file start09.cif (mmCIF, C-alpha atoms and all ligand atoms)
data_coords
loop_
_atom_site.label_atom_id
_atom_site.label_comp_id
_atom_site.auth_asym_id
_atom_site.auth_seq_id
_atom_site.Cartn_x
_atom_site.Cartn_y
_atom_site.Cartn_z
CA ASN A 164 3.26 26.41 -29.27
CA LYS A 165 5.54 23.65 -30.51
CA MET A 166 8.74 25.21 -29.23
CA SER A 167 7.62 25.43 -25.62
CA THR A 168 6.06 21.98 -25.50
CA GLN A 169 9.35 20.54 -26.72
CA ASN A 170 11.21 21.96 -23.74
CA ARG A 171 8.66 20.98 -21.19
CA PRO A 172 9.41 17.87 -19.17
CA ARG A 173 7.21 14.88 -19.89
CA VAL A 174 5.32 13.68 -16.88
CA PHE A 175 3.06 10.70 -16.38
CA ILE A 176 0.26 11.09 -13.83
CA SER A 177 -1.05 7.61 -13.12
CA ARG A 178 -4.58 8.50 -11.95
CA ARG A 179 -7.28 11.14 -11.73
CA ILE A 180 -6.05 13.49 -8.99
CA PRO A 181 -7.37 16.66 -7.32
CA GLU A 182 -7.47 19.48 -9.85
CA LYS A 183 -5.12 21.83 -7.98
CA GLY A 184 -2.26 19.33 -8.15
CA TYR A 185 -2.94 18.63 -11.81
CA ALA A 186 -3.05 22.31 -12.71
CA LEU A 187 0.30 22.98 -11.04
CA ILE A 188 1.97 20.28 -13.09
CA ALA A 189 0.16 21.33 -16.27
CA SER A 190 1.56 24.84 -15.91
CA GLU A 191 5.09 23.57 -16.45
CA CYS A 192 4.97 20.10 -17.99
CA GLU A 193 3.69 18.09 -20.84
CA ILE A 194 1.29 15.69 -19.15
CA ILE A 195 0.41 12.16 -20.07
CA SER A 196 -2.38 11.18 -17.75
CA TRP A 197 -4.38 8.09 -16.93
CA ASN A 198 -7.38 10.19 -16.04
CA PHE A 199 -9.45 7.52 -14.28
CA ASP A 200 -10.13 6.50 -10.71
CA ASP A 201 -8.91 2.97 -11.31
CA PRO A 202 -5.26 2.30 -12.11
CA PRO A 203 -4.00 1.53 -15.60
CA PRO A 204 -3.32 -2.13 -16.33
CA ARG A 205 0.32 -2.91 -15.64
CA ASN A 206 1.24 -3.38 -19.31
CA GLU A 207 -0.34 -0.04 -20.15
CA TYR A 208 1.59 1.57 -17.30
CA LEU A 209 4.86 0.05 -18.48
CA SER A 210 4.45 1.20 -22.05
CA THR A 211 3.36 4.70 -21.02
CA VAL A 212 6.38 5.46 -18.82
CA LYS A 213 8.88 5.02 -21.65
CA GLY A 214 10.95 8.17 -21.98
CA ILE A 215 9.18 10.22 -19.31
CA ASN A 216 11.11 12.66 -17.10
CA GLY A 217 8.79 12.62 -14.13
CA LEU A 218 6.34 10.18 -12.62
CA PHE A 219 3.46 11.15 -10.36
CA CYS A 220 2.38 7.88 -8.74
CA LEU A 221 0.17 6.46 -6.02
CA LEU A 222 0.66 3.85 -3.32
CA THR A 223 -1.04 1.26 -5.51
CA ASP A 224 1.65 1.52 -8.18
CA LYS A 225 4.59 -0.83 -7.88
CA ILE A 226 7.68 1.18 -8.73
CA ASP A 227 10.21 -1.60 -9.20
CA VAL A 228 13.19 -2.48 -11.37
CA GLU A 229 10.98 -3.58 -14.24
CA LEU A 230 9.11 -0.28 -14.32
CA LEU A 231 12.27 1.81 -13.94
CA ASN A 232 13.86 -0.12 -16.80
CA GLU A 233 10.86 0.59 -18.99
CA ALA A 234 10.99 4.28 -18.11
CA GLY A 235 14.67 4.36 -18.98
CA PRO A 236 17.41 6.88 -18.17
CA SER A 237 15.22 9.93 -18.89
CA LEU A 238 13.39 9.45 -15.60
CA GLN A 239 14.60 12.03 -13.07
CA VAL A 240 11.88 12.19 -10.45
CA VAL A 241 9.33 9.86 -8.89
CA SER A 242 6.79 11.67 -6.76
CA THR A 243 4.29 9.63 -4.79
CA MET A 244 1.05 11.09 -3.46
CA SER A 245 1.45 9.25 -0.17
CA VAL A 246 3.51 9.25 2.99
CA GLY A 247 4.07 5.50 2.71
CA TYR A 248 6.71 4.37 0.22
CA ASP A 249 6.76 0.60 0.61
CA HIS A 250 5.59 0.39 -3.01
CA ILE A 251 8.80 2.01 -4.25
CA ASP A 252 12.15 0.29 -4.63
CA VAL A 253 14.01 3.13 -2.93
CA MET A 254 17.47 1.56 -3.22
CA GLU A 255 17.03 1.06 -6.94
CA CYS A 256 15.95 4.68 -7.40
CA ASN A 257 18.98 5.84 -5.42
CA LYS A 258 21.25 3.71 -7.59
CA ARG A 259 19.83 5.40 -10.68
CA ASN A 260 19.94 8.89 -9.15
CA ILE A 261 16.19 9.22 -9.44
CA LEU A 262 14.88 11.75 -6.92
CA LEU A 263 11.99 10.69 -4.72
CA GLY A 264 9.25 12.84 -3.27
CA TYR A 265 6.53 11.90 -0.78
CA THR A 266 3.88 13.63 1.34
CA PRO A 267 4.55 13.38 5.09
CA GLY A 268 2.95 15.67 7.65
CA ILE A 269 -0.08 16.99 5.80
CA LEU A 270 -2.08 13.79 6.21
CA THR A 271 -1.14 13.17 9.83
CA ASN A 272 -4.24 14.67 11.45
CA ALA A 273 -6.70 13.18 8.99
CA THR A 274 -5.20 9.74 9.50
CA ALA A 275 -5.16 10.10 13.28
CA GLU A 276 -8.81 11.19 13.15
CA LEU A 277 -9.81 8.18 11.06
CA THR A 278 -7.86 5.87 13.33
CA MET A 279 -9.83 7.22 16.29
CA ALA A 280 -13.08 6.71 14.37
CA LEU A 281 -12.10 3.13 13.62
CA LEU A 282 -10.99 2.47 17.16
CA LEU A 283 -14.23 3.76 18.62
CA ALA A 284 -16.35 1.97 16.03
CA THR A 285 -14.57 -1.27 16.84
CA SER A 286 -14.52 -1.06 20.62
CA ARG A 287 -18.10 0.22 20.85
CA ARG A 288 -19.34 -2.35 18.33
CA LEU A 289 -20.89 0.03 15.81
CA LYS A 290 -20.99 -2.56 13.03
CA GLU A 291 -23.20 -4.86 15.09
CA GLY A 292 -25.25 -1.94 16.34
CA ILE A 293 -26.00 -0.52 12.89
CA ARG A 294 -26.85 -3.96 11.61
CA ALA A 295 -29.19 -4.58 14.55
CA VAL A 296 -31.08 -1.38 13.75
CA GLN A 297 -31.39 -2.31 10.09
CA THR A 298 -32.50 -5.90 10.64
CA GLY A 299 -34.91 -5.34 13.48
CA GLU A 300 -32.68 -7.23 15.90
CA TRP A 301 -32.88 -4.07 18.02
CA GLY A 302 -35.47 -5.02 20.59
CA THR A 303 -35.71 -3.02 23.73
CA TRP A 304 -32.96 -1.29 25.70
CA LYS A 305 -31.04 -4.06 27.44
CA PRO A 306 -28.47 -3.60 30.22
CA MET A 307 -26.09 -6.26 28.89
CA TRP A 308 -26.38 -5.72 25.17
CA LEU A 309 -23.60 -4.54 22.82
CA CYS A 310 -21.17 -3.62 25.58
CA GLY A 311 -17.53 -3.15 24.79
CA PRO A 312 -14.37 -1.81 26.39
CA GLY A 313 -14.06 1.95 26.87
CA LEU A 314 -10.99 4.14 26.68
CA ASP A 315 -11.49 5.65 30.13
CA GLY A 316 -8.81 4.20 32.37
CA ALA A 317 -7.37 2.01 29.61
CA THR A 318 -3.77 1.34 28.69
CA VAL A 319 -3.14 2.04 25.03
CA GLY A 320 -0.13 0.69 23.16
CA ILE A 321 1.10 2.46 20.06
CA VAL A 322 3.40 0.45 17.85
CA GLY A 323 5.52 3.02 16.02
CA LEU A 324 5.40 6.47 17.56
CA GLY A 325 6.02 8.46 14.39
CA ARG A 326 4.09 11.50 13.21
CA ILE A 327 0.78 9.63 13.03
CA GLY A 328 1.28 7.61 16.21
CA PHE A 329 2.07 10.78 18.10
CA ALA A 330 -1.04 12.53 16.76
CA ILE A 331 -3.20 9.56 17.77
CA ALA A 332 -1.72 9.66 21.27
CA LYS A 333 -2.76 13.31 21.55
CA CYS A 334 -6.28 12.48 20.34
CA LEU A 335 -6.55 9.77 23.00
CA LYS A 336 -5.77 12.05 25.93
CA PRO A 337 -9.20 13.66 26.38
CA PHE A 338 -10.83 10.21 26.51
CA GLY A 339 -9.25 9.64 29.90
CA VAL A 340 -6.81 6.88 29.04
CA ALA A 341 -4.74 5.86 32.06
CA LYS A 342 -1.53 5.15 30.26
CA ILE A 343 0.03 5.37 26.82
CA VAL A 344 2.93 3.08 26.00
CA TYR A 345 4.80 2.74 22.73
CA SER A 346 7.29 0.48 21.06
CA GLY A 347 9.58 0.93 18.10
CA ARG A 348 13.18 0.93 17.06
CA SER A 349 14.20 3.53 19.61
CA GLU A 350 12.98 5.67 22.44
CA LYS A 351 11.62 9.05 21.30
CA GLU A 352 12.34 12.37 22.93
CA GLU A 353 8.85 13.74 22.03
CA ALA A 354 7.23 10.92 23.99
CA LYS A 355 7.85 12.88 27.19
CA GLU A 356 5.48 15.59 25.99
CA ILE A 357 2.60 13.13 26.01
CA ASN A 358 3.80 11.06 28.93
CA ALA A 359 4.17 7.94 26.85
CA GLU A 360 6.39 5.16 28.16
CA TYR A 361 8.76 3.18 25.97
CA LYS A 362 8.28 -0.61 26.16
CA SER A 363 9.48 -3.65 24.33
CA PHE A 364 7.02 -4.90 21.71
CA ASP A 365 6.22 -7.97 23.84
CA GLU A 366 5.64 -5.95 26.98
CA LEU A 367 3.38 -3.55 25.10
CA LEU A 368 1.26 -6.42 23.79
CA LYS A 369 0.97 -7.89 27.26
CA ILE A 370 -0.26 -4.78 29.07
CA SER A 371 -2.32 -2.93 26.45
CA ASP A 372 -6.10 -2.87 26.31
CA PHE A 373 -5.85 -1.28 22.88
CA VAL A 374 -3.01 -1.96 20.45
CA ILE A 375 -2.70 0.54 17.62
CA ALA A 376 -0.33 -0.21 14.75
CA CYS A 377 1.16 2.97 13.29
CA CYS A 378 4.41 1.66 11.86
CA ALA A 379 5.63 1.72 8.28
CA LEU A 380 5.78 -1.55 6.36
CA THR A 381 9.42 -2.63 6.16
CA SER A 382 11.26 -5.95 6.18
CA GLU A 383 11.30 -5.66 10.00
CA THR A 384 7.57 -5.03 10.41
CA LYS A 385 6.29 -7.45 7.76
CA GLU A 386 3.75 -9.71 9.51
CA LEU A 387 4.92 -8.41 12.87
CA PHE A 388 1.37 -9.07 14.04
CA ASN A 389 1.30 -12.83 13.78
CA ARG A 390 0.18 -15.76 15.89
CA ASP A 391 2.88 -15.15 18.51
CA ALA A 392 1.96 -11.49 18.83
CA PHE A 393 -1.79 -12.13 19.15
CA LYS A 394 -1.11 -14.82 21.76
CA LYS A 395 0.68 -12.26 23.91
CA MET A 396 -2.25 -9.83 23.86
CA LYS A 397 -5.06 -9.71 26.38
CA PRO A 398 -8.17 -11.69 25.44
CA SER A 399 -10.07 -8.42 25.59
CA ALA A 400 -7.54 -6.48 23.49
CA VAL A 401 -8.73 -4.31 20.62
CA PHE A 402 -6.29 -4.25 17.71
CA ILE A 403 -6.33 -1.35 15.25
CA ASN A 404 -4.34 -1.04 12.03
CA SER A 405 -4.33 2.06 9.86
CA SER A 406 -0.81 1.71 8.45
CA ARG A 407 -0.31 -1.13 5.96
CA GLY A 408 -1.98 -4.52 5.68
CA GLY A 409 1.37 -6.23 5.23
CA ILE A 410 2.30 -5.79 8.89
CA VAL A 411 -0.41 -8.32 9.80
CA ASN A 412 -0.62 -12.02 9.13
CA GLN A 413 -4.33 -12.06 8.31
CA ASP A 414 -4.84 -15.81 8.74
CA ASP A 415 -3.38 -15.53 12.22
CA LEU A 416 -5.54 -12.50 12.93
CA TYR A 417 -8.64 -14.38 11.83
CA LYS A 418 -7.82 -17.29 14.13
CA ALA A 419 -7.12 -14.95 17.05
CA LEU A 420 -10.45 -13.15 16.55
CA GLU A 421 -12.46 -16.27 15.97
CA SER A 422 -11.07 -18.14 18.97
CA GLY A 423 -11.33 -15.18 21.32
CA GLU A 424 -7.59 -14.91 21.77
CA ILE A 425 -8.11 -11.17 21.25
CA GLY A 426 -11.29 -9.14 21.59
CA ALA A 427 -11.73 -7.26 18.32
CA ALA A 428 -9.94 -5.72 15.38
CA GLY A 429 -10.45 -2.65 13.25
CA LEU A 430 -8.59 -2.48 9.95
CA ASP A 431 -8.33 0.41 7.51
CA VAL A 432 -5.73 -1.51 5.55
CA THR A 433 -5.58 -5.12 4.42
CA SER A 434 -3.57 -7.43 2.27
CA PRO A 435 -4.51 -7.51 -0.53
CA GLU A 436 -6.52 -4.36 -1.21
CA PRO A 437 -9.33 -4.53 -1.94
CA LEU A 438 -9.97 -7.36 0.51
CA PRO A 439 -11.84 -10.11 -1.36
CA VAL A 440 -15.49 -10.07 -0.33
CA ASP A 441 -15.29 -13.73 0.68
CA SER A 442 -12.55 -13.01 3.23
CA PRO A 443 -13.46 -14.81 6.47
CA LEU A 444 -12.58 -11.62 8.36
CA LEU A 445 -15.76 -10.04 7.00
CA LYS A 446 -17.94 -12.72 8.58
CA LEU A 447 -16.76 -11.87 12.08
CA ASP A 448 -18.80 -9.58 14.29
CA ASN A 449 -15.66 -8.51 16.13
CA CYS A 450 -13.84 -7.28 13.05
CA ILE A 451 -14.46 -4.01 11.24
CA VAL A 452 -12.83 -3.43 7.89
CA ILE A 453 -12.86 -0.11 6.06
CA PRO A 454 -11.27 0.65 2.67
CA HIS A 455 -7.96 2.50 3.26
CA ILE A 456 -9.50 5.92 3.84
CA GLY A 457 -7.17 7.29 6.55
CA SER A 458 -6.25 10.41 4.61
CA ALA A 459 -9.59 10.78 2.85
CA THR A 460 -10.69 14.28 3.78
CA HIS A 461 -11.28 16.71 0.91
CA SER A 462 -8.63 19.15 2.07
CA THR A 463 -6.04 16.49 2.88
CA ARG A 464 -6.27 14.79 -0.49
CA GLU A 465 -5.99 18.16 -2.19
CA ALA A 466 -2.95 19.07 -0.08
CA MET A 467 -1.36 15.71 -0.86
CA ALA A 468 -1.80 16.25 -4.60
CA VAL A 469 -0.38 19.77 -4.38
CA LEU A 470 2.63 18.69 -2.31
CA ALA A 471 3.32 15.75 -4.63
CA ALA A 472 3.08 18.16 -7.60
CA ARG A 473 5.47 20.62 -5.95
CA ASN A 474 7.91 17.81 -5.19
CA LEU A 475 7.78 16.72 -8.80
CA LEU A 476 8.31 20.19 -10.26
CA ALA A 477 11.15 21.04 -7.87
CA GLY A 478 12.88 17.75 -8.62
CA LEU A 479 12.59 18.26 -12.37
CA LYS A 480 14.20 21.70 -12.05
CA GLY A 481 16.96 20.45 -9.78
CA LEU A 482 15.66 22.56 -6.90
CA PRO A 483 15.24 21.29 -3.33
CA MET A 484 11.98 19.39 -2.99
CA PRO A 485 9.56 20.44 -0.25
CA CYS A 486 9.57 16.80 0.91
CA GLN A 487 12.29 14.64 -0.52
CA LEU A 488 12.65 11.04 0.51
CA LYS A 489 16.34 10.44 1.18
C1 LIG A 501 -0.28 7.06 2.60
O1 LIG A 501 -0.20 8.27 2.29
O2 LIG A 501 0.71 6.33 2.62
C2 LIG A 501 -1.62 6.53 2.99
O3 LIG A 501 -1.66 5.16 3.02
C3 LIG A 501 -2.72 7.08 2.11
O4 LIG A 501 -2.86 8.40 2.42
#

call {"tool": "encode", "arguments": {"input": "start09.cif", "output": "structure tokens"}}
result
Amino acid sequence: NKMSTQNRPRVFISRRIPEKGYALIASECEIISWNFDDPPPRNEYLSTVKGINGLFCLLTDKIDVELLNEAGPSLQVVSTMSVGYDHIDVMECNKRNILLGYTPGILTNATAELTMALLLATSRRLKEGIRAVQTGEWGTWKPMWLCGPGLDGATVGIVGLGRIGFAIAKCLKPFGVAKIVYSGRSEKEEAKEINAEYKSFDELLKISDFVIACCALTSETKELFNRDAFKKMKPSAVFINSSRGGIVNQDDLYKALESGEIGAAGLDVTSPEPLPVDSPLLKLDNCIVIPHIGSATHSTREAMAVLAARNLLAGLKGLPMPCQLK
């Protein structure tokens, strides 16, 4: 009835999301929804957020001063269905006392799993192998054909031993890796559990057979993987990125791959996304690119939507959020 809809907070959901998350929000809010798989055009987004109390957003939505101004002072909560929050101007939200919610933890295992899939596909040259089968290039079994580096006995470097980096390290163990090293802002107590050694970034690059980027995109990590970094790696090194495309200078990566300065790269994230189909990276045999699907298991995406919904509802009621970004 009219009375109850008037008291319900107005929430904008910027995309089609798993039903369970939507239903939770619908039970308590008046929803304005862009119910499509592709994002609303920016101008549509800006005009829709006017006067809303809560925003349910995705990592593709730029939550900046312009958008917050358009939303106006009614906006109390921004809840992103992601663990990454480089798309949100966090300082600006803090300044305006807008609460922020995000979804750490629940997507850790799915992302670690996908990172392992990408790593194995890259090192064991699955892209070339599948293509060879499809094109008839697959002749007879050949001793020297489509060989790549294995994990057994390898040194693996993890850049950013957070939740996801730690989970990847645990996945690596049964493959017989000889050594796990990590770099980051500080040494981590949990690293002892998995026998991982803290190294400087440069040292890690120098000694690792596999370099896995698991760090958040910040001003410190922006294009951390550039010409200098690739130069320090082994010529056989396999570089894997499942965090954010912005931590890599892609032109430098292309040159490093093309010239054999490093062995191969597997990317689940690029800059921009989608990666233009004429990107030179896609012409390389030693580069595998997949479309930002780290957390894409049915149950994980549902759990992310539900957690983001619970964050939103708690924030709107002034209750502690299950996962608040401070
Ligand atoms: C995130 O959550 O930040 C990932 O990039 C998508 O799951």

call {"tool": "residues_around", "arguments": {"input": "start09.cif", "residues": "segment 340-342 of chain A", "least_positions_apart": "2", "cutoff": "10 Å", "atoms": "only C-alpha atoms", "output": "JSON, numbers by chain"}}
result
{"A": [313, 314, 315, 316, 317, 318, 319, 320, 332, 335, 336, 337, 338, 344, 357, 358, 359, 360, 371]}

call {"tool": "closest_residue", "arguments": {"input": "start09.cif", "among": "A:Ala471, A:Ala419, A:Leu444, A:Ile188", "to": "ligand LIG 501 (chain A)", "atoms": "all atoms listed in the file"}}
result
A:Ala471

call {"tool": "closest_atom_pairs", "arguments": {"input": "start09.cif", "of": "chain A", "to": "ligand LIG 501 (chain A)", "cutoff": "8 Å", "atoms": "all atoms listed in the file", "output": "CSV"}}
result
residue,atom,partner,partner_atom,distance
A:Leu222,CA,A:LIG501,O2,6.4
A:Met244,CA,A:LIG501,O1,6.5
A:Ser245,CA,A:LIG501,O1,3.1
A:Val246,CA,A:LIG501,O1,3.9
A:Gly247,CA,A:LIG501,O2,3.5
A:Tyr248,CA,A:LIG501,O2,6.8
A:Thr266,CA,A:LIG501,O1,6.8
A:Pro267,CA,A:LIG501,O1,7.5
A:Leu270,CA,A:LIG501,O4,6.6
A:Thr274,CA,A:LIG501,O4,7.6
A:Ser405,CA,A:LIG501,O3,8.0
A:Ser406,CA,A:LIG501,O3,6.5
A:Arg407,CA,A:LIG501,O3,7.1
A:His455,CA,A:LIG501,O3,6.8
A:Ile456,CA,A:LIG501,C3,7.1
A:Gly457,CA,A:LIG501,O4,6.1
A:Ser458,CA,A:LIG501,O4,4.5
A:Ala459,CA,A:LIG501,O4,7.2
A:Arg464,CA,A:LIG501,O4,7.8

call {"tool": "atom_distance", "arguments": {"input": "start09.cif", "atom1": "atom CA of Phe199 of chain A", "atom2": "atom CA of Tyr185 of chain A"}}
result
13.1 Å

call {"tool": "closest_residue", "arguments": {"input": "start09.cif", "among": "A:Cys334, A:Ala284, A:Ile261, A:Cys450", "to": "Glu421 of chain A", "atoms": "all atoms listed in the file"}}
result
A:Cys450

call {"tool": "closest_residue", "arguments": {"input": "start09.cif", "among": "A:Leu470, A:Lys480, A:Asn257, A:Ile343", "to": "Arg171 of chain A", "atoms": "all atoms listed in the file"}}
result
A:Lys480

call {"tool": "closest_residue", "arguments": {"input": "start09.cif", "among": "A:Thr298, A:Asn232, A:Asn404, A:Asn260", "to": "Leu281 of chain A", "atoms": "only C-alpha atoms"}}
result
A:Asn404

call {"tool": "residues_around", "arguments": {"input": "start09.cif", "residues": "Val452 of chain A", "least_positions_apart": "4", "cutoff": "8 Å", "atoms": "all atoms listed in the file", "output": "ChimeraX atom specification"}}
result
/A:429-432,445
